Amino acid sequence: MSSASSEVFLRDGAGQLVKAELHDTILQRHLDDHKHQWKPLIAAQSEQHGHWNWEWKWSHFSPQLSYQFVALECNGQTQGLMIVNTIKRCRIQQQANKHLVYVEYLEAAPWNRRDIPNWVRYKGVGTVLLAAAIQLSIDEGNHGRIGLHSLPQADTFYRDKCGMTDLGPDASYSPKMPLRYFEMTETQAAAFIH
Amino acid sequence: MKLQLSKEWFENRIQPDEDFEVGAGVPTDTQECANDTSGNEQEQMTDEEFAETLAFGTLIQFMRRDRRLSVEQLASAARVDVAEIVKIEFDPKYVPHPRSVHQLATFFELPQRALLKLSNVTMVHNNQLRDAAYRFAANSSKIAELSHEERVAMTEFVEFLGTQDDD
């Protein structure tokens, strides 16, 4: 399996832009980083911040052609991971039933989280991954339309920072954890990446 | 996917003083955690699981030998660690990384879902697959050259796996 990477930038703890690599697949080293570097830190903190078993997800979703994978690397470490589904449909009235790219899972490395004091190494992981989702949507002919269910602590990022439309809690997605559903229109996507 | 955004875009879009959390999708469930045995030897293994991983390792070794590849050549071609190939071929208690199974399935053009079940990466099984794995493992020996009988057994087993590649 071949993979391509794009040069992107993150902002380090000193506020400087630093080069990073965006991969259009998840490689074994990314799964290893998650297993050996992310998980111990996550376990050392609390269960309050959700986490994902990426190796299991990779094995489950990779045989299915409708899923695509993205990994973000900086300084030799995996900084963020994302799985998207390319055959979901829109919910916003003005684009109802049109295809979009749906972000199934998105996670930043634990050392990039704001809720863990003094750990933030890089800012912009979510921004870069969302830009990648928009690009995938454009590549699929969906004009940048994307959707996702946000973790509660990330609602302000998608609503205020990214300009996505908040369609409210979605009990049909997960009754035990009715996350808010956000969707981005073509216009919002164009505003985000320009 | 190729992302082509200017450095200025990142300069403007990622502010030094921004303070946002990110994350999407329902966090992992206990089932996923329970299934997370890959990349390790599994001490507590049933006879059926043992037969399946033995059959998986034997199948990979047969396919490799049939193509006259060394372990290193296969590791390079399939983009799997050499140590992982060695464990898969010689340690029937080893549960491989899902990605390795995927890579090997892709390289050898084997059905992925059936191979994930056979390698015990997924906990979904069926009795037909287990019976076939028993037969294949019992009729195989890991020697230098594939005999005619071993090649026939391998071909039949691969054809059977192709019928098991469903959910």
# chains A, B, ... in the order shown; residues from 1 in each chain; ligands from 1

call {"tool": "select_by_dssp", "arguments": {"residues": "segment 47-115 of chain B", "states": "helix (DSSP H, G or I)", "output": "count of residues only"}}
result
52

call {"tool": "residues_around", "arguments": {"residues": "Glu183 of chain A", "least_positions_apart": "6", "cutoff": "10 Å", "atoms": "only C-alpha atoms", "output": "list in words"}}
result
Cys90, Arg91, Ile92, Leu100, Val101, Tyr102, Arg145, Ile146, Gly147, Leu148, His149, Tyr158, Arg159, Gly163, Met164, Thr165, Asp166, Leu167 and Ala189 of chain A

call {"tool": "write_last_selection", "arguments": {"atoms": "N, CA, C and O atoms", "output": "compact mmCIF listing (two decimals), in the first residue's frame"}}
result
# COMPACT_ATOMS: atom_id res chain seq x y z
N CYS A 90 -25.72 14.56 3.85
CA CYS A 90 -25.91 15.79 4.63
C CYS A 90 -27.26 15.84 5.33
O CYS A 90 -28.24 15.22 4.87
N ARG A 91 -27.31 16.63 6.40
CA ARG A 91 -28.56 16.82 7.15
C ARG A 91 -29.07 18.26 7.07
O ARG A 91 -30.27 18.49 7.24
N ILE A 92 -28.19 19.22 6.88
CA ILE A 92 -28.64 20.62 6.80
C ILE A 92 -29.61 20.75 5.63
O ILE A 92 -29.36 20.21 4.54
N LEU A 100 -21.43 13.84 1.73
CA LEU A 100 -20.37 14.59 2.43
C LEU A 100 -19.31 13.61 2.91
O LEU A 100 -19.48 12.39 2.79
N VAL A 101 -18.25 14.12 3.43
CA VAL A 101 -17.25 13.29 4.10
C VAL A 101 -17.52 13.40 5.60
O VAL A 101 -17.55 14.50 6.15
N TYR A 102 -17.79 12.26 6.21
CA TYR A 102 -18.13 12.24 7.63
C TYR A 102 -16.91 11.81 8.44
O TYR A 102 -16.30 10.77 8.17
N ARG A 145 -18.02 19.61 1.72
CA ARG A 145 -19.04 19.33 2.74
C ARG A 145 -18.53 18.22 3.67
O ARG A 145 -18.13 17.15 3.20
N ILE A 146 -18.58 18.49 4.99
CA ILE A 146 -18.17 17.49 5.97
C ILE A 146 -19.15 17.50 7.14
O ILE A 146 -19.90 18.47 7.33
N GLY A 147 -19.13 16.43 7.91
CA GLY A 147 -19.97 16.34 9.11
C GLY A 147 -19.24 15.54 10.17
O GLY A 147 -18.31 14.78 9.87
N LEU A 148 -19.66 15.71 11.42
CA LEU A 148 -19.04 14.95 12.52
C LEU A 148 -19.87 15.08 13.79
O LEU A 148 -20.71 15.98 13.92
N HIS A 149 -19.64 14.15 14.72
CA HIS A 149 -20.21 14.24 16.07
C HIS A 149 -19.07 14.65 17.00
O HIS A 149 -18.07 13.93 17.12
N TYR A 158 -15.39 23.40 16.84
CA TYR A 158 -16.09 23.22 15.56
C TYR A 158 -17.05 24.37 15.27
O TYR A 158 -17.20 24.78 14.12
N ARG A 159 -17.69 24.90 16.33
CA ARG A 159 -18.69 25.95 16.13
C ARG A 159 -18.03 27.31 15.93
O ARG A 159 -18.32 28.02 14.96
N GLY A 163 -16.46 27.38 12.23
CA GLY A 163 -17.65 27.93 11.58
C GLY A 163 -18.63 26.89 11.10
O GLY A 163 -19.41 27.14 10.17
N MET A 164 -18.62 25.71 11.73
CA MET A 164 -19.57 24.66 11.32
C MET A 164 -20.94 24.95 11.93
O MET A 164 -21.07 25.62 12.94
N THR A 165 -21.96 24.39 11.30
CA THR A 165 -23.33 24.55 11.80
C THR A 165 -23.62 23.49 12.85
O THR A 165 -23.39 22.30 12.62
N ASP A 166 -24.12 23.95 14.01
CA ASP A 166 -24.42 23.06 15.14
C ASP A 166 -25.86 22.60 15.03
O ASP A 166 -26.79 23.40 15.16
N LEU A 167 -26.07 21.30 14.79
CA LEU A 167 -27.43 20.77 14.67
C LEU A 167 -27.92 20.17 15.98
O LEU A 167 -28.95 19.50 16.01
N ALA A 189 -16.89 25.64 4.10
CA ALA A 189 -15.62 24.98 3.79
C ALA A 189 -14.70 25.92 3.02
O ALA A 189 -13.49 26.00 3.29

call {"tool": "closest_residue", "arguments": {"among": "A:Gln188, A:Ser6, A:Gln64, A:Asn75", "to": "chain B", "atoms": "only C-alpha atoms"}}
result
A:Ser6

call {"tool": "residues_around", "arguments": {"residues": "Lys176 of chain A", "least_positions_apart": "6", "cutoff": "12 Å", "atoms": "only C-alpha atoms", "output": "ChimeraX atom specification"}}
result
/A:169-170 /B:26-27,29

call {"tool": "residues_around", "arguments": {"residues": "Ala190 of chain A", "least_positions_apart": "4", "cutoff": "8 Å", "atoms": "only C-alpha atoms", "output": "MDAnalysis selection string"}}
result
chainID A and resid 144 186 194

call {"tool": "atom_distance", "arguments": {"atom1": "atom CA of Phe50 of chain B", "atom2": "atom CA of Arg135 of chain B"}}
result
12.9 Å

call {"tool": "closest_residue", "arguments": {"among": "A:Arg113, A:Lys161, A:His60, A:Lys123", "to": "Ala14 of chain A", "atoms": "only C-alpha atoms"}}
result
A:Lys123

call {"tool": "atom_distance", "arguments": {"atom1": "atom CA of Gly76 of chain A", "atom2": "atom CA of Lys35 of chain A"}}
result
15.2 Å

call {"tool": "interface_residues", "arguments": {"of": "chain B", "to": "chain A", "cutoff": "6 Å", "atoms": "only C-alpha atoms", "output": "ChimeraX atom specification"}}
result
/B:2-3,14,16,20-25,27-28,98
